[in-house]
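Novice: Let me begin by handing over the structure; questions about it come next.
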Amino acid sequence: MVAKSPAIAFRRLFDEVGTVDQIGVEERVAKFTTRSIKKASKIWGLKKAVSMVDLTTLEGKDTPGKVASLCQKALQPHDDPGIPTVAAVCVYPSMVRHARKHVADSAVKVASVATAFPSGQAPLKTRLGEVRAAVQDGADEIDMVINRGAFLAGDFSRVEDEIAAVVEACGVAALKVILEVSELETFDNIRAASFVAMGVLREGDFIKTSTGKTSLNATLGNNQVMLEAIRDFYLDTGIAIGMKPAGGIRTAKQALQFLIAVKETLGDAWLTNERYRFGASSLLNDLLRQLEKEKSGSYQAPYYFSEAAESY
Amino acid sequence: MSRLPITKTPKPYAGGAFIRSESGRTFPLRDASGAFFANIPQCTRKDLRNAVEAAAKAGPGWARRTAYNRGQILYRLGEMLEGRRQEMADTLVRFGDEAAAAAHEVDTCIDRLVYYAGWADKYEQVLGNVNPVASPHFNFTVTEPMGVIGVIAPDAPSLLGLISLVAPIIVSGNTVVAHVSEKSAYPAILFGEMLATSDLPGGVVNLLSGLRKELVPTFATHTHLRGLSAVANADERKAIRLGAAESVKRVHFADASTAGWFEDSAQSLYRIRDFLEFKTTWHPIGA
């Protein structure tokens with residue numbers, strides 16, 4: 001049945017998937033920042049976080065050369081052989097073939113944003129064409145943006161249909177659905193959008209917080225809302241969906257707090273890069289820096305690490 | 001009706017804010033009569049780490065300012081101290097100085113700030129150079145700030161020692177993380193309030209109160225600190241040398257006696273030069 005207004009459509013969806021206690025979530029995530037993780041557990045967590053990084057460059061000024069050095073960094077984040085490779089490199093579709101060439105057959109995957117990232121404001125045909133082109137060029141994973149306009153207008157079936165069409169266009173490539181939480185405005189909407197997306201996703205696909213192109217990105221709060229949606233969906237259907245917070249996670253400390261949220265909400269089964277990723281660029285060097293601090297005992301300068309932006 | 005006096009919570013100025021230690025620890029500070037004065041934040045190596053991050057963040061903006069503007073700001077810092085001269089002198093008296101000596105120390109501090117403010121747009125002319133070379137090149141040497149520099153201040157004179165170490169470092173565009181006197185931390189905390197109102201961008205000077213023996217090893221080994229300007233005893237010097245060697249850090253120890261800090265010889269262009277890098281450029285000519 002088609003709802004007459006967005007308000008009625010949202011009320012129906014909320015009745016179906018449940019709403020979020022905003023204060024409750026904020027109080028809950030505030031506790032995640034008080035855990036004390038030291039020594040061996042800290043090193044484990046930092047290495048785990050490195051293995052979950054989708055090393056990202058999404059700029060108009062990206063060149064094949066920059067993508068090549070990013071891939072090198074992904075394959076060997078630091079000279080310490082005990083540090084794992086990252087999960088994937090994440091680039092624009094035109095850079096996929098360059099990235100593919102450099103990571104070759106290694107464990108590092110090539111992810112590409114597609115579907116008129118970051119706005120998604122292009123005809124569906126164009127968006128699907130972009131996805132197919134990226135997959136054909138060798139992308140293992142596709143990061144798509146949902147149609148926020150349709151979602152906020154209450155046209156959920158359109159959002160669903162578009163995601164389903166992208167799933168089909170992906171073929172064997174895994175799909176990450178970007179909800180762009182800053183444009184969804186409330187925790188209730190984030191939870192509802194998560195369910196809309198998960199309804200058409202396959203096991204091994206992801207939902208993702210944001211594009212990193214807006215002012216508000218991944219926070220412990222919206223991460224938690226999405227993790228709980230994934231948990232509830234898994235308990236209902238048995239389908240395990242992955243999660244990828246992106247944008248704004250710059251420090252190792254933040255990354256550990258996000259991992260605590262995963263462990264305490266979804267459990268150890270999600271503490272793997274098959275099911276949890278960080279979309280980030282500067283995070284990796286901070287993780288390496290903290291690992292080096294744990295190893296050497298002295299605080300490290302950021303410019304000791306390759307691809308560092310800081311020099312002062 | 002009698003009123004309850006408001007007691008002050010002294011907090012050091014670091015990262016552009018007045019901080020408590022992240023550890024939540026404090027240590028009691030007593031005045032010269034032995035009476036309890038206040039609890040002072042006992043900063044830890046994590047506070048030092050945070051201060052270095054703040055200093056590194058503030059650095060590029062500070063170094064990009066014109067030399068003239070850095071001089072103005074240092075002069076303004078002198079103005080702030082002049083405006084609260086009596087308060088600072090009274091504080092020094094409370095912690096054991098004679099009234100005349102306290103006034104002399106505050107005056108010398110102000111003069112020292114003005115001295116280095118004056119050098120801000122002049123040291124480059126003296127230290128930089130055009131070098132004669134036997135080829136068709138214009139060869140010149142200019143100076144650049146090093147980056148984040150650590151300061152370990154003496155116990156006496158606690159304020160003049162601190163200012164004499166910090167001013168020549170920041171004048172060239174370096175930023176500073178300083179450990180202030182453990183025995184007499186309050187004058188430095190009061191000085192922090194003047195830093196906050198002197199147009200100096202937050203993070204350029206970061207003051208940490210705390211125990212020397214806890215902080216000196218981290219000052220020595222923190223690789224993000226490119227240099228150290230310290231007053232230290234023999235044991236500390238050894239620890240600093242060993243830690244600094246690992247990160248190839250430039251270290252200068254100040255030798256002045258308490259009286260020596262008041263001498264004109266305690267201020268010098270060469271204290272600015274101590275924390276500068278020299279860059280020489282070959283520029284082809286006549287081609």
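Chain labels A, B, ... are given in the sequence in which chains occur in the structure tokens; within each chain residues are numbered consecutively from 1, and ligands are likewise numbered from 1 in the order shown.
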Give as an MDAnalysis selection string every residue of chain B that touches chain A within 8 Å, counting only C-alpha atoms.
Specialist: chainID B and resid 49 56 59:60 146:148 218 221:225
Novice: Output C-alpha atoms of each residue in that selection to a file, as an mmCIF file, in the first residue's frame.
Specialist:
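Output below, filename result.cif:
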data_model
loop_
_atom_site.group_PDB
_atom_site.id
_atom_site.type_symbol
_atom_site.label_atom_id
_atom_site.label_comp_id
_atom_site.auth_asym_id
_atom_site.auth_seq_id
_atom_site.Cartn_x
_atom_site.Cartn_y
_atom_site.Cartn_z
ATOM 1 C CA ARG B 49 52.156 14.024 24.372
ATOM 2 C CA ALA B 56 52.737 20.812 16.190
ATOM 3 C CA GLY B 59 53.421 25.537 14.516
ATOM 4 C CA PRO B 60 52.883 26.068 10.781
ATOM 5 C CA MET B 146 63.088 23.794 13.700
ATOM 6 C CA GLY B 147 59.621 22.859 14.952
ATOM 7 C CA VAL B 148 58.473 21.781 18.404
ATOM 8 C CA THR B 218 59.700 11.653 28.125
ATOM 9 C CA THR B 221 62.801 10.443 24.166
ATOM 10 C CA HIS B 222 59.773 12.058 22.481
ATOM 11 C CA THR B 223 60.859 12.012 18.844
ATOM 12 C CA HIS B 224 58.494 14.794 17.793
ATOM 13 C CA LEU B 225 60.479 17.285 19.894
#
Novice: List the spatial neighbours of range 49-52 of chain A as a compact mmCIF listing (two decimals) with N, CA and C atoms, in the first residue's frame - criterion: any atom at most 9 Å away, only C-alpha atoms, same-chain residues fewer than 2 positions off excluded.
Specialist:
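What ended up in around.txt:
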# COMPACT_ATOMS: atom_id res chain seq x y z
N TRP A 44 47.01 -5.80 19.92
CA TRP A 44 46.09 -6.64 19.14
C TRP A 44 45.05 -5.76 18.44
N GLY A 45 44.48 -4.84 19.22
CA GLY A 45 43.43 -3.97 18.67
C GLY A 45 43.95 -3.08 17.55
N LEU A 46 45.16 -2.54 17.76
CA LEU A 46 45.73 -1.65 16.75
C LEU A 46 46.01 -2.40 15.45
N LYS A 47 46.55 -3.62 15.59
CA LYS A 47 46.82 -4.42 14.38
C LYS A 47 45.53 -4.81 13.70
N ASP A 54 40.04 0.60 5.04
CA ASP A 54 39.89 0.83 3.61
C ASP A 54 40.64 2.13 3.32
N PRO A 77 52.21 -1.22 5.01
CA PRO A 77 51.96 0.03 5.73
C PRO A 77 53.21 0.58 6.42
N ILE A 83 53.23 -6.07 10.96
CA ILE A 83 52.01 -5.28 10.75
C ILE A 83 51.30 -5.77 9.49
N PRO A 84 50.01 -6.09 9.60
CA PRO A 84 49.29 -6.67 8.47
C PRO A 84 49.06 -5.66 7.34
N THR A 85 48.65 -6.16 6.19
CA THR A 85 48.24 -5.26 5.13
C THR A 85 46.86 -4.70 5.48
N VAL A 86 46.45 -3.62 4.80
CA VAL A 86 45.12 -3.10 5.05
C VAL A 86 44.10 -3.94 4.28
N ALA A 87 42.81 -3.69 4.52
CA ALA A 87 41.78 -4.51 3.89
C ALA A 87 41.65 -4.18 2.40
N ALA A 88 41.63 -2.90 2.09
CA ALA A 88 41.36 -2.52 0.70
C ALA A 88 41.86 -1.10 0.44
N ALA A 252 44.07 6.58 16.47
CA ALA A 252 44.04 5.19 16.91
C ALA A 252 43.09 5.01 18.09
N ALA A 255 39.65 4.64 16.84
CA ALA A 255 39.48 3.34 16.20
C ALA A 255 39.25 2.26 17.25
N LEU A 256 40.03 2.31 18.34
CA LEU A 256 39.86 1.30 19.40
C LEU A 256 38.47 1.42 20.03
N LEU A 259 36.07 -0.28 17.84
CA LEU A 259 36.19 -1.74 17.95
C LEU A 259 35.53 -2.25 19.23
N LEU A 271 34.61 -8.99 14.53
CA LEU A 271 35.94 -8.39 14.63
C LEU A 271 36.87 -8.94 13.56
N THR A 272 36.44 -8.80 12.32
CA THR A 272 37.23 -9.25 11.19
C THR A 272 36.97 -8.30 10.04
N ASN A 273 37.95 -8.19 9.12
CA ASN A 273 37.73 -7.25 8.03
C ASN A 273 36.73 -7.76 6.99
N GLU A 274 36.24 -9.00 7.18
CA GLU A 274 35.15 -9.48 6.35
C GLU A 274 33.84 -8.78 6.72
N ARG A 275 33.80 -8.30 7.98
CA ARG A 275 32.54 -7.73 8.47
C ARG A 275 32.65 -6.33 9.06
N TYR A 276 33.85 -5.81 9.21
CA TYR A 276 33.97 -4.46 9.76
C TYR A 276 35.15 -3.77 9.09
N ARG A 277 34.93 -2.53 8.68
CA ARG A 277 35.96 -1.76 7.99
C ARG A 277 35.98 -0.34 8.51
N PHE A 278 37.12 0.31 8.35
CA PHE A 278 37.21 1.74 8.60
C PHE A 278 37.49 2.44 7.28
N GLY A 279 36.64 3.37 6.90
CA GLY A 279 36.94 4.18 5.72
C GLY A 279 37.75 5.38 6.18
N LEU A 283 43.94 7.83 9.32
CA LEU A 283 43.91 6.91 10.46
C LEU A 283 45.08 5.93 10.44
N LEU A 284 45.41 5.42 9.26
CA LEU A 284 46.42 4.36 9.18
C LEU A 284 47.73 4.80 9.81
N LEU A 287 47.61 4.77 13.57
CA LEU A 287 47.68 3.40 14.08
C LEU A 287 49.13 2.92 14.09
N LEU A 288 49.84 3.18 13.00
CA LEU A 288 51.24 2.75 12.89
C LEU A 288 52.09 3.45 13.94
Novice: For Val133 in chain B, work out the shell of residues within 10 Å, counting only C-alpha atoms and skipping chain neighbours fewer than 6 positions away, then give it as a PyMOL selection string.
Specialist: chain B and resi 139-140+282
Novice: Residues as selected, C-alpha atoms, written as a tab-separated table (two decimals), in the first residue's frame, can you do that?
Specialist:
chain	number	residue	atom	x	y	z
B	139	ASN	CA	74.45	31.60	-3.07
B	140	PHE	CA	72.59	32.56	0.06
B	282	TRP	CA	72.34	27.97	-5.06
Novice: Env of range 180-188 of chain A: 10 Å cut, atoms = only C-alpha atoms, seq-sep filter 3 positions within chain, self excluded. Answer as a compact mmCIF listing (two decimals) with N, CA and C atoms, in the first residue's frame.
Specialist:
# COMPACT_ATOMS: atom_id res chain seq x y z
N PHE A 10 6.89 7.06 7.10
CA PHE A 10 7.91 6.86 8.13
C PHE A 10 7.33 6.17 9.35
N LEU A 13 7.12 2.55 8.72
CA LEU A 13 8.43 1.89 8.75
C LEU A 13 8.96 1.78 10.18
N PHE A 14 8.77 2.85 10.96
CA PHE A 14 9.24 2.81 12.35
C PHE A 14 8.50 1.72 13.13
N VAL A 17 10.30 -1.59 12.07
CA VAL A 17 11.69 -1.89 12.45
C VAL A 17 12.05 -1.38 13.84
N GLY A 18 11.19 -0.59 14.44
CA GLY A 18 11.47 -0.08 15.77
C GLY A 18 12.21 1.25 15.71
N THR A 19 12.14 2.00 16.81
CA THR A 19 12.80 3.30 16.87
C THR A 19 14.01 3.22 17.80
N VAL A 20 14.70 4.34 17.93
CA VAL A 20 15.94 4.37 18.71
C VAL A 20 15.77 5.30 19.90
N ASP A 21 16.24 4.84 21.06
CA ASP A 21 16.28 5.71 22.25
C ASP A 21 17.57 6.53 22.17
N GLN A 22 17.43 7.79 21.72
CA GLN A 22 18.62 8.59 21.42
C GLN A 22 19.50 8.81 22.65
N VAL A 25 21.33 5.64 23.58
CA VAL A 25 22.47 5.34 22.72
C VAL A 25 23.65 6.24 23.07
N PRO A 118 29.63 11.83 -4.53
CA PRO A 118 28.95 11.55 -3.28
C PRO A 118 27.46 11.91 -3.26
N SER A 119 26.95 12.60 -4.26
CA SER A 119 25.55 13.06 -4.15
C SER A 119 24.56 11.98 -4.56
N VAL A 145 26.01 5.13 -2.92
CA VAL A 145 25.24 6.02 -2.04
C VAL A 145 23.75 5.77 -2.29
N ILE A 146 22.95 5.84 -1.22
CA ILE A 146 21.51 5.66 -1.42
C ILE A 146 20.90 6.97 -1.93
N ASN A 147 19.71 6.86 -2.41
CA ASN A 147 18.97 8.02 -2.89
C ASN A 147 18.30 8.68 -1.69
N ARG A 148 19.02 9.65 -1.08
CA ARG A 148 18.51 10.27 0.16
C ARG A 148 17.23 11.05 -0.11
N GLY A 149 17.15 11.65 -1.27
CA GLY A 149 15.94 12.40 -1.62
C GLY A 149 14.72 11.51 -1.57
N PHE A 151 14.46 8.65 -0.02
CA PHE A 151 14.25 8.15 1.33
C PHE A 151 13.50 9.17 2.18
N LEU A 152 13.96 10.43 2.14
CA LEU A 152 13.34 11.45 2.98
C LEU A 152 11.93 11.78 2.50
N VAL A 177 26.71 -0.06 1.17
CA VAL A 177 25.66 0.93 0.95
C VAL A 177 25.87 2.11 1.90
N ARG A 191 18.36 4.17 11.60
CA ARG A 191 17.99 2.77 11.81
C ARG A 191 17.06 2.29 10.68
N ALA A 192 16.08 3.13 10.34
CA ALA A 192 15.12 2.74 9.30
C ALA A 192 15.83 2.53 7.96
N ALA A 193 16.76 3.47 7.62
CA ALA A 193 17.48 3.34 6.36
C ALA A 193 18.35 2.09 6.35
N SER A 194 18.93 1.75 7.51
CA SER A 194 19.73 0.53 7.60
C SER A 194 18.90 -0.68 7.23
N LYS A 208 27.27 1.44 5.36
CA LYS A 208 28.36 2.38 5.64
C LYS A 208 27.77 3.72 6.05
N THR A 209 28.42 4.39 6.99
CA THR A 209 27.82 5.61 7.54
C THR A 209 27.75 6.74 6.54
N SER A 210 28.92 7.09 5.95
CA SER A 210 28.92 8.36 5.22
C SER A 210 29.95 8.39 4.10
N THR A 211 29.87 9.43 3.31
CA THR A 211 30.78 9.60 2.20
C THR A 211 32.09 10.25 2.65
N GLY A 212 32.05 10.91 3.80
CA GLY A 212 33.21 11.69 4.23
C GLY A 212 33.25 13.06 3.55
N LYS A 213 32.23 13.36 2.77
CA LYS A 213 32.22 14.64 2.05
C LYS A 213 31.29 15.66 2.70
N THR A 214 30.67 15.31 3.81
CA THR A 214 29.82 16.28 4.49
C THR A 214 30.41 16.61 5.85
N SER A 215 29.79 17.55 6.54
CA SER A 215 30.38 18.04 7.79
C SER A 215 30.38 16.99 8.89
N LEU A 216 29.29 16.25 9.01
CA LEU A 216 29.20 15.26 10.09
C LEU A 216 29.42 13.87 9.51
N ASN A 217 30.36 13.13 10.08
CA ASN A 217 30.66 11.82 9.54
C ASN A 217 30.40 10.75 10.59
N ALA A 218 31.21 9.70 10.55
CA ALA A 218 31.01 8.60 11.48
C ALA A 218 31.22 9.08 12.91
N THR A 219 30.28 8.77 13.78
CA THR A 219 30.46 9.00 15.21
C THR A 219 30.14 7.70 15.91
N GLY A 221 27.97 7.33 18.04
CA GLY A 221 26.51 7.28 18.14
C GLY A 221 25.87 6.65 16.92
N ASN A 222 26.16 7.20 15.71
CA ASN A 222 25.49 6.62 14.54
C ASN A 222 26.04 5.23 14.20
N ASN A 223 27.32 4.99 14.54
CA ASN A 223 27.88 3.65 14.40
C ASN A 223 27.08 2.65 15.25
N GLN A 224 26.77 3.07 16.48
CA GLN A 224 26.06 2.18 17.40
C GLN A 224 24.65 1.88 16.88
N VAL A 225 23.98 2.90 16.38
CA VAL A 225 22.62 2.69 15.86
C VAL A 225 22.65 1.66 14.73
N MET A 226 23.66 1.78 13.87
CA MET A 226 23.75 0.86 12.73
C MET A 226 24.16 -0.54 13.19
N ALA A 246 32.84 5.63 8.18
CA ALA A 246 33.80 6.33 7.32
C ALA A 246 33.76 7.83 7.57
Novice: Using only C-alpha atoms, which of the listed residues (B:Ala188, B:Leu211, B:Val204, B:Val93) sits closest to Ala58 in chain B?
Specialist: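 Selected residue with least distance to Ala58 in chain B: B:Val204.
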Novice: Which residues come within 7 Å of Tyr92 in chain A, counting only C-alpha atoms, excluding same-chain residues fewer than 6 positions away, as a PyMOL selection string?
Specialist: chain A and resi 58+112-113
Novice: Output the selection as a PDB file, in the first residue's frame - C-alpha atoms for each residue.
Specialist:
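Printed below is part.pdb as written:
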ATOM      1  CA  LEU A  58      38.700  10.422  -3.107  1.00  0.00           C
ATOM      2  CA  SER A 112      35.489   1.813  -5.735  1.00  0.00           C
ATOM      3  CA  VAL A 113      32.863   4.379  -4.942  1.00  0.00           C
TER       4      VAL A 113
END
Novice: Could you list, as a PyMOL selection string, every residue within 12 Å of Phe18 in chain B, counting only C-alpha atoms and ignoring same-chain residues fewer than 3 positions away?
Specialist: chain B and resi 9-15+21+41+51+189-196+202-203+206-209
Novice: Within 7 Å of range 246-258 of chain B, counting only C-alpha atoms, which residues qualify if same-chain residues fewer than 5 places away don't, as JSON, numbers by chain?
Specialist: {"B": [156, 157, 221, 223, 226, 227, 228, 229, 230, 231]}
Novice: Could you please determine the separation between CA of Leu269 in chain B and CA of Ala63 in chain B in Å, to one decimal place?
Specialist: 18.3 Å
Novice: Could you jot down the CA of Ala153 in chain B to CA of Leu165 in chain B separation for me, Å, one decimal place?
Specialist: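 Interatomic distance, CA of Ala153 in chain B to CA of Leu165 in chain B: 7.4 Å.
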Novice: Smallest atom-to-atom distance to Tyr123 in chain B: which of B:Thr197, B:Ser172, B:Asn233, B:Asn50, using only C-alpha atoms?
Specialist: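 Ranking B:Thr197, B:Ser172, B:Asn233, B:Asn50 by distance to Tyr123 in chain B, first place goes to B:Ser172.
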